[in-house]
Number of protein chains: 2
Amino acid sequence: MTHRNDRLATLDDLPEPDEAARMAVAQRASEVLRPQGALARLDAVAIWLAGWQRTSRPHVESPAAVVFVADHGVTAEQVSAYPSSVTGEMLRALREGKATATVMARQLGAQLVVVDVGVGRPTRNLRHEPALSQEQFRECFAAGRRAVAELDTDLLVLGEMGIGNTTAAAAVCATLYGGRATDWTGRGTGIDDDTLRRKRAVVAAARRRVGTVTDPLEMLRQLGGSELVALAGATIEARARSIPVILDGFVVGAAVAPLSVARPGVLDHCLAGHVSAEPGHRRLLGLLRMEPLLDLDMRLGEASGGLAALALVRLAAACVSDVATFSEWGIRQ
Amino acid sequence: MTHRNDRLATLDDLPEPDEAARMAVAQRASEVLRPQGALARLDAVAIWLAGWQRTSRPHVESPAAVVFVADHGVTAEQVSAYPSSVTGEMLRALREGKATATVMARQLGAQLVVVDVGVGRPTRNLRHEPALSQEQFRECFAAGRRAVAELDTDLLVLGEMGIGNTTAAAAVCATLYGGRATDWTGRGTGIDDDTLRRKRAVVAAARRRVGTVTDPLEMLRQLGGSELVALAGATIEARARSIPVILDGFVVGAAVAPLSVARPGVLDHCLAGHVSAEPGHRRLLGLLRMEPLLDLDMRLGEASGGLAALALVRLAAACVSDVATFSEWGIRQ
C-alpha cells in the first residue's frame with residue numbers, strides 16, 4: 001500500500017500548543033477574583049483554548065461550525081429509521097436556515113458552513129465492499145481540509161449529517177478498537193429492535209470483511225462515509241492551523257479516532273463537546289481519553305452538541321480573560 | 001408561633017404552569033426537523049420553560065440574574081478560607097463589573113442585579129443562636145420578593161455571595177433532611193482539613209441547637225443567612241409571577257429546600273442549573289428530585305453555574321420555537 005505513507009505524512013510536523021500561553025492562563029486563573037479552582041473544568045477549558053489560540057487572553061470572537069453532509073450506500077441494508085432521501089432534504093434545511101444547527105449557530109452568533117461531500121453520490125455499501133475508492137478517500141479528505149483552510153475562525157465546531165452514518169461510525173470503531181458489534185451499535189435516529197438487529201449484523205459483517213486491515217486510515221476508507229473522511233481532513237487542517245476544535249457526537253468521534261490511533265496526540269487540539277445517547281460514544285470517548293463537557297443525551301448530529309458546548313467554552317474564556325485579579329482589585333490573596 | 005401561618009400563606013395560591021403551552025411545545029418538539037427525542041433533555045427544558053412563560057413559542061429574550069450578598073456571624077468560627085471582609089470586596093466587584101458573574105452576564109446579554117441584604121450587618125452566629133430575628137427574616141424575605149417584583153425578565157437566575165454561607169447551607173440541609181453533618185459539609189471556598197473539621201463541628205452543634213424545630217422556614221430563620229432567606233423570597237415571587245428560575249449551586253438549593261419541604265411542588269418553576277463540587281449539593285438535588293443541567297465541578301456561587309446553564313436553556317427554546325417542522329419543510333414524517 002504505497003499510499004499509506006502519503007496519508008500519514010499529513011499527521012507529522014503538526015504544531016503543538018503554545019505552552020507559554022497555557023501557563024499564563026493557568027497563572028491568571030489562579031489569581032482572578034474567585035477561590036482557587038472554583039471554575040474547575042471551565043478553567044481547564046480556557047487553558048486548552050489559550051494553548052491553541054496561542055494567546056494569554058483567550059476569547060471566542062469568530063466561532064464557526066462546519067457540517068459535512070453525505071449519502072451512504074449502506075442504507076440499502078435498511079439500517080435507519082429514515083429514507084436516504086432525508087439527507088438531501090436536511091442539506092437544504094441546513095443551507096436555508098431551518099435546521100436545528102442553523103438555529104443554534106444563529107443564536108450563538110457562530111458562522112455555519114455546510115459542505116456537501118456526497119449527497120446524491122452515495123458511498124458503496126460498506127457491508128460488501130470498500131465504501132470509498134482511494135481517489136474518493138483523497139478527495140473527501142482534501143475537501144475537509146479545504147473547508148477549514150477557507151475559514152477565519154478562533155474556535156471550530158465539527159459536525160455531520162448523513163442517513164446511515166452511525167452504521168459507518170460503529171463499523172469504524174468496532175474495527176479500530178475491537179469489542180462486540182453490539183457494544184458499538186446504537187439506535188441512531190431511533191430505530192426499532194428489528195432494524196437494530198439488522199444494523200448490528202451489518203457492522204459485524206463489515207468488520208469481518210476488513211479483518212486483515214491494520215492501517216487505521218485504511219479502515220476509515222473501507223468503512224467510513226464521505227463525511228467521516230472529510231471530518232478527519234478538517235481536523236488535521238485545524239491542527240495544522242492551530243485552531244481549537246469542538247467535536248460533536250459519535251460520528252465525529254469515529255471519524256477522528258483513526259487519526260488518534262495512527263498518531264497518538266494528534267487530537268490534542270480537540271475537545272469533546274458532549275457525550276451523546278448513542279452508547280458507542282461514551283465508550284469511544286473513554287478510549288480517546290476525552291471527558292465530554294456536556295452529558296445531555298442528545299443524539300442529533302448536525303454539530304448540535306458541539307454548538308451547545310461552544311456556549312460554555314466562550315464563557316470559560318471570558319471568565320479568565322475578563323475577570324479582574326485579586327491584585328488588580330486591591331485585595332491581598 | 002403565630003407567625004407560622006403568615007409565612008406559609010405565601011406558599012399557597014401560586015400559579016401552576018400553563019399546560020396548554022407545555023403540550024403545544026411537546027407536540028412541536030416531536031414535529032421539528034430532527035428525529036423524535038433527538039434533543040432529549042433540551043426538549044424537556046423547552047417544555048418546562050413554555051409552561052412558565054405561558055407561551056407555545058418559548059424564547060429567552062430578557063434574561064436576568066439576581067445575586068444576593070450578605071455577611072455571616074458564623075465566620076467567627078473560622079469556617080472559611082477567606083476573611084469575612086471579602087464579602088464586601090466581592091459586592092463591589094460584582095457591582096463594578098469585575099467579578100465572574102458580571103463577566104458571564106455580559107457575555108450572555110443578561111441583566112445582573114446585585115442586592116446587598118446584609119453586608120456589614122452580619123447575621124448572628126448560627127452555632128449559638130438564631131441567625132436572624134423574626135423581623136430580620138421577614139425583611140430579608142421581602143427584600144428577595146421585591147428584587148424580583150422590580151424585574152422585567154423571561155428567565156431568572158438566582159445566585160448568592162457571602163463568606164461563611166456554605167456553613168449556613170449545610171446546617172439548613174442537615175436539619176431539614178437529617179443525615180450526618182459530614183454528609184452535608186464540604187470545602188466551600190477550598191478550606192483545609194482543620195477548617196473542615198471545625199466547620200463540621202459547627203454544623204453538628206447548630207443542628208443540635210435547633211433539634212426541636214419542625215417548621216422548615218423556622219429552620220431557615222435559625223440557620224440560614226440573610227441572602228438565603230432573600231433567595232427563598234425571590235423564588236416565591238418568581239413563582240407568583242410565573243417566571244421560570246434557574247437555581248445556581250448548593251447555597252441556593254439549601255435556601256429554597258425549606259420551601260419545598262413546607263409545600264411540595266412549590267419549586268416546579270425551578271431548574272437546577274448545575275451540580276457543584278460541594279458534596280451536599282448532589283445529595284440535595286436528589287432529595288429535591290432535580291436533575292442538574294450541567295455537571296462541571298464548579299463551586300463559585302455568584303450565580304455562575306446558573307448563568308452557564310442559561311446559555312443552554314436559551315438554545316433549548318430556540319431549538320423548538322425556531323426550527324421548521326417536517327410538514328412546514330414539505331417532508332412527510
# chains A, B, ... in the order shown; residues from 1 in each chain; ligands from 1
call {"tool": "closest_atom_pairs", "arguments": {"of": "chain A", "to": "chain B", "cutoff": "8 Å", "atoms": "only C-alpha atoms", "output": "JSON lines"}}
result
{"residue": "A:Leu33", "atom": "CA", "partner": "B:Ala99", "partner_atom": "CA", "distance": 6.2}
{"residue": "A:Arg34", "atom": "CA", "partner": "B:Leu300", "partner_atom": "CA", "distance": 6.9}
{"residue": "A:Pro35", "atom": "CA", "partner": "B:Thr189", "partner_atom": "CA", "distance": 5.5}
{"residue": "A:Gln36", "atom": "CA", "partner": "B:Gly190", "partner_atom": "CA", "distance": 7.3}
{"residue": "A:Ala38", "atom": "CA", "partner": "B:Arg299", "partner_atom": "CA", "distance": 4.9}
{"residue": "A:Leu39", "atom": "CA", "partner": "B:Met298", "partner_atom": "CA", "distance": 4.8}
{"residue": "A:Ala40", "atom": "CA", "partner": "B:Met298", "partner_atom": "CA", "distance": 5.7}
{"residue": "A:Arg41", "atom": "CA", "partner": "B:Leu296", "partner_atom": "CA", "distance": 5.8}
{"residue": "A:Leu42", "atom": "CA", "partner": "B:Leu296", "partner_atom": "CA", "distance": 7.5}
{"residue": "A:Glu89", "atom": "CA", "partner": "B:Ile331", "partner_atom": "CA", "distance": 7.8}
{"residue": "A:Met90", "atom": "CA", "partner": "B:Leu33", "partner_atom": "CA", "distance": 7.9}
{"residue": "A:Ala93", "atom": "CA", "partner": "B:Trp329", "partner_atom": "CA", "distance": 7.8}
{"residue": "A:Lys98", "atom": "CA", "partner": "B:Val323", "partner_atom": "CA", "distance": 5.3}
{"residue": "A:Ala99", "atom": "CA", "partner": "B:Val323", "partner_atom": "CA", "distance": 5.5}
{"residue": "A:Thr100", "atom": "CA", "partner": "B:Val323", "partner_atom": "CA", "distance": 5.7}
{"residue": "A:Val103", "atom": "CA", "partner": "B:Val323", "partner_atom": "CA", "distance": 6.4}
{"residue": "A:Met104", "atom": "CA", "partner": "B:Leu315", "partner_atom": "CA", "distance": 6.2}
{"residue": "A:Gln107", "atom": "CA", "partner": "B:Leu315", "partner_atom": "CA", "distance": 6.9}
{"residue": "A:Thr189", "atom": "CA", "partner": "B:Pro35", "partner_atom": "CA", "distance": 5.5}
{"residue": "A:Gly190", "atom": "CA", "partner": "B:Pro35", "partner_atom": "CA", "distance": 6.9}
{"residue": "A:Leu293", "atom": "CA", "partner": "B:Leu296", "partner_atom": "CA", "distance": 7.5}
{"residue": "A:Leu294", "atom": "CA", "partner": "B:Leu294", "partner_atom": "CA", "distance": 6.8}
{"residue": "A:Asp295", "atom": "CA", "partner": "B:Leu294", "partner_atom": "CA", "distance": 7.7}
{"residue": "A:Leu296", "atom": "CA", "partner": "B:Arg41", "partner_atom": "CA", "distance": 5.9}
{"residue": "A:Asp297", "atom": "CA", "partner": "B:Ala40", "partner_atom": "CA", "distance": 5.9}
{"residue": "A:Met298", "atom": "CA", "partner": "B:Leu39", "partner_atom": "CA", "distance": 4.8}
{"residue": "A:Arg299", "atom": "CA", "partner": "B:Ala38", "partner_atom": "CA", "distance": 4.9}
{"residue": "A:Leu300", "atom": "CA", "partner": "B:Ala38", "partner_atom": "CA", "distance": 5.1}
{"residue": "A:Ala308", "atom": "CA", "partner": "B:Leu312", "partner_atom": "CA", "distance": 6.5}
{"residue": "A:Ala311", "atom": "CA", "partner": "B:Ala311", "partner_atom": "CA", "distance": 6.3}
{"residue": "A:Leu312", "atom": "CA", "partner": "B:Ala308", "partner_atom": "CA", "distance": 6.4}
{"residue": "A:Leu315", "atom": "CA", "partner": "B:Met104", "partner_atom": "CA", "distance": 6.2}
{"residue": "A:Ala318", "atom": "CA", "partner": "B:Val103", "partner_atom": "CA", "distance": 6.7}
{"residue": "A:Cys319", "atom": "CA", "partner": "B:Thr100", "partner_atom": "CA", "distance": 5.8}
{"residue": "A:Asp322", "atom": "CA", "partner": "B:Val103", "partner_atom": "CA", "distance": 6.5}
{"residue": "A:Val323", "atom": "CA", "partner": "B:Lys98", "partner_atom": "CA", "distance": 5.3}
{"residue": "A:Ala324", "atom": "CA", "partner": "B:Lys98", "partner_atom": "CA", "distance": 5.3}
{"residue": "A:Trp329", "atom": "CA", "partner": "B:Ala93", "partner_atom": "CA", "distance": 7.8}
{"residue": "A:Ile331", "atom": "CA", "partner": "B:Glu89", "partner_atom": "CA", "distance": 7.9}
call {"tool": "select_by_dssp", "arguments": {"residues": "stretch 76-323 of chain A", "states": "strand (DSSP E)", "output": "VMD selection string"}}
result
chain A and resid 111 to 118 155 to 161 245 to 247 270 to 272 274 to 275 294 to 295
call {"tool": "residues_around", "arguments": {"residues": "stretch 156-164 of chain B", "least_positions_apart": "5", "cutoff": "7 Å", "atoms": "only C-alpha atoms", "output": "PyMOL selection string"}}
result
chain B and resi 63-72+74-75+79-80+82+84+87+227+243-248+252+301-303+306-307
call {"tool": "closest_residue", "arguments": {"among": "A:Arg263, A:Arg145, A:Arg138, A:Arg180", "to": "A:Val203", "atoms": "only C-alpha atoms"}}
result
A:Arg180
call {"tool": "closest_residue", "arguments": {"among": "A:Thr235, A:Ser133, A:Asn125, A:Ser62", "to": "A:Thr153", "atoms": "only C-alpha atoms"}}
result
A:Ser62
call {"tool": "atom_distance", "arguments": {"atom1": "atom CA of B:Arg121", "atom2": "atom CA of B:Gly178"}}
result
29.8 Å
call {"tool": "select_by_dssp", "arguments": {"residues": "stretch 137-214 of chain A", "states": "alpha helix (DSSP H)", "output": "PyMOL selection string"}}
result
chain A and resi 137-149+165-177+181-184+193-209
call {"tool": "residues_around", "arguments": {"residues": "B:Arg241", "least_positions_apart": "2", "cutoff": "12 Å", "atoms": "only C-alpha atoms", "output": "MDAnalysis selection string"}}
result
chainID B and resid 13:17 52:54 145:146 148:156 234:239 243:245 269
call {"tool": "residues_around", "arguments": {"residues": "stretch 211-218 of chain B", "least_positions_apart": "6", "cutoff": "7 Å", "atoms": "only C-alpha atoms", "output": "list in words"}}
result
Leu176, Pro258, Val261 and Ala262 of chain B
call {"tool": "closest_residue", "arguments": {"among": "B:Pro279, B:Gly233, B:Gly109, B:Gly224", "to": "B:Ala254", "atoms": "only C-alpha atoms"}}
result
B:Gly224
call {"tool": "residues_around", "arguments": {"residues": "B:Thr185", "least_positions_apart": "4", "cutoff": "10 Å", "atoms": "only C-alpha atoms", "output": "list in words"}}
result
Thr166, Thr167, Ala168, Ala169, Ala170, Ala171, Cys173, Ala174, Arg180, Ala181, Leu196, Arg197, Lys199, Arg200, Ala201, Val202, Val203, Ala204, Glu278, Pro279, Gly280 and His281 of chain B
call {"tool": "atom_distance", "arguments": {"atom1": "atom CA of B:Arg198", "atom2": "atom CA of B:Leu288"}}
result
27.7 Å
call {"tool": "decode", "arguments": {"residues": "stretch 266-293 of chain A", "atoms": "N, CA, C and O atoms", "output": "compact mmCIF listing (two decimals), in the first residue's frame"}}
result
# COMPACT_ATOMS: atom_id res chain seq x y z
N VAL A 266 -2.58 13.49 18.25
CA VAL A 266 -2.94 14.33 17.11
C VAL A 266 -4.28 15.04 17.33
O VAL A 266 -4.61 15.99 16.63
N LEU A 267 -5.03 14.58 18.33
CA LEU A 267 -6.32 15.23 18.64
C LEU A 267 -6.23 16.14 19.87
O LEU A 267 -7.26 16.51 20.43
N ASP A 268 -5.02 16.49 20.26
CA ASP A 268 -4.90 17.33 21.47
C ASP A 268 -5.60 18.68 21.32
O ASP A 268 -5.91 19.33 22.31
N HIS A 269 -5.81 19.11 20.09
CA HIS A 269 -6.50 20.40 19.87
C HIS A 269 -8.01 20.22 19.86
O HIS A 269 -8.73 21.18 19.59
N CYS A 270 -8.48 19.02 20.16
CA CYS A 270 -9.92 18.73 20.10
C CYS A 270 -10.51 18.53 21.50
O CYS A 270 -9.90 17.88 22.35
N LEU A 271 -11.69 19.04 21.68
CA LEU A 271 -12.44 18.89 22.93
C LEU A 271 -13.74 18.16 22.59
O LEU A 271 -14.38 18.48 21.58
N ALA A 272 -14.12 17.20 23.39
CA ALA A 272 -15.42 16.54 23.18
C ALA A 272 -16.52 17.45 23.71
O ALA A 272 -16.61 17.67 24.92
N GLY A 273 -17.34 17.98 22.82
CA GLY A 273 -18.39 18.91 23.25
C GLY A 273 -19.41 18.26 24.16
O GLY A 273 -19.87 18.86 25.13
N HIS A 274 -19.74 17.01 23.85
CA HIS A 274 -20.75 16.32 24.66
C HIS A 274 -20.58 14.82 24.48
O HIS A 274 -19.84 14.37 23.61
N VAL A 275 -21.25 14.07 25.35
CA VAL A 275 -21.39 12.64 25.12
C VAL A 275 -22.86 12.41 24.77
O VAL A 275 -23.77 12.89 25.45
N SER A 276 -23.08 11.70 23.69
CA SER A 276 -24.44 11.55 23.17
C SER A 276 -25.12 10.34 23.78
O SER A 276 -24.53 9.57 24.55
N ALA A 277 -26.36 10.14 23.40
CA ALA A 277 -27.13 8.97 23.86
C ALA A 277 -26.70 7.70 23.14
O ALA A 277 -27.04 6.60 23.57
N GLU A 278 -25.96 7.84 22.05
CA GLU A 278 -25.50 6.66 21.29
C GLU A 278 -24.48 5.92 22.16
O GLU A 278 -23.45 6.48 22.53
N PRO A 279 -24.76 4.66 22.50
CA PRO A 279 -23.94 4.01 23.54
C PRO A 279 -22.45 3.90 23.17
O PRO A 279 -21.59 3.94 24.05
N GLY A 280 -22.15 3.78 21.89
CA GLY A 280 -20.75 3.70 21.50
C GLY A 280 -19.96 4.96 21.79
O GLY A 280 -18.73 4.92 21.88
N HIS A 281 -20.67 6.08 21.95
CA HIS A 281 -19.94 7.33 22.10
C HIS A 281 -19.19 7.42 23.42
O HIS A 281 -18.03 7.83 23.48
N ARG A 282 -19.85 7.02 24.50
CA ARG A 282 -19.19 7.08 25.81
C ARG A 282 -17.96 6.17 25.82
O ARG A 282 -16.89 6.52 26.31
N ARG A 283 -18.13 4.98 25.23
CA ARG A 283 -17.02 4.04 25.13
C ARG A 283 -15.87 4.64 24.33
O ARG A 283 -14.71 4.58 24.72
N LEU A 284 -16.22 5.26 23.22
CA LEU A 284 -15.20 5.85 22.35
C LEU A 284 -14.45 6.99 23.06
O LEU A 284 -13.22 7.07 23.00
N LEU A 285 -15.20 7.86 23.74
CA LEU A 285 -14.55 8.98 24.44
C LEU A 285 -13.60 8.46 25.52
O LEU A 285 -12.54 9.03 25.76
N GLY A 286 -13.99 7.38 26.16
CA GLY A 286 -13.11 6.76 27.15
C GLY A 286 -11.80 6.31 26.50
O GLY A 286 -10.72 6.55 27.04
N LEU A 287 -11.91 5.69 25.34
CA LEU A 287 -10.71 5.22 24.65
C LEU A 287 -9.86 6.38 24.14
O LEU A 287 -8.64 6.30 24.10
N LEU A 288 -10.54 7.47 23.78
CA LEU A 288 -9.81 8.67 23.32
C LEU A 288 -9.33 9.50 24.51
O LEU A 288 -8.66 10.53 24.32
N ARG A 289 -9.69 9.07 25.72
CA ARG A 289 -9.37 9.83 26.94
C ARG A 289 -9.87 11.27 26.86
O ARG A 289 -9.15 12.21 27.22
N MET A 290 -11.06 11.42 26.36
CA MET A 290 -11.68 12.75 26.30
C MET A 290 -12.85 12.78 27.27
O MET A 290 -13.70 11.89 27.26
N GLU A 291 -12.89 13.83 28.08
CA GLU A 291 -14.01 13.99 29.01
C GLU A 291 -14.99 14.99 28.40
O GLU A 291 -14.63 16.15 28.16
N PRO A 292 -16.20 14.57 28.10
CA PRO A 292 -17.13 15.48 27.43
C PRO A 292 -17.55 16.63 28.34
O PRO A 292 -17.65 16.46 29.56
N LEU A 293 -17.80 17.78 27.73
CA LEU A 293 -18.22 18.94 28.51
C LEU A 293 -19.69 18.79 28.94
O LEU A 293 -20.05 19.15 30.05
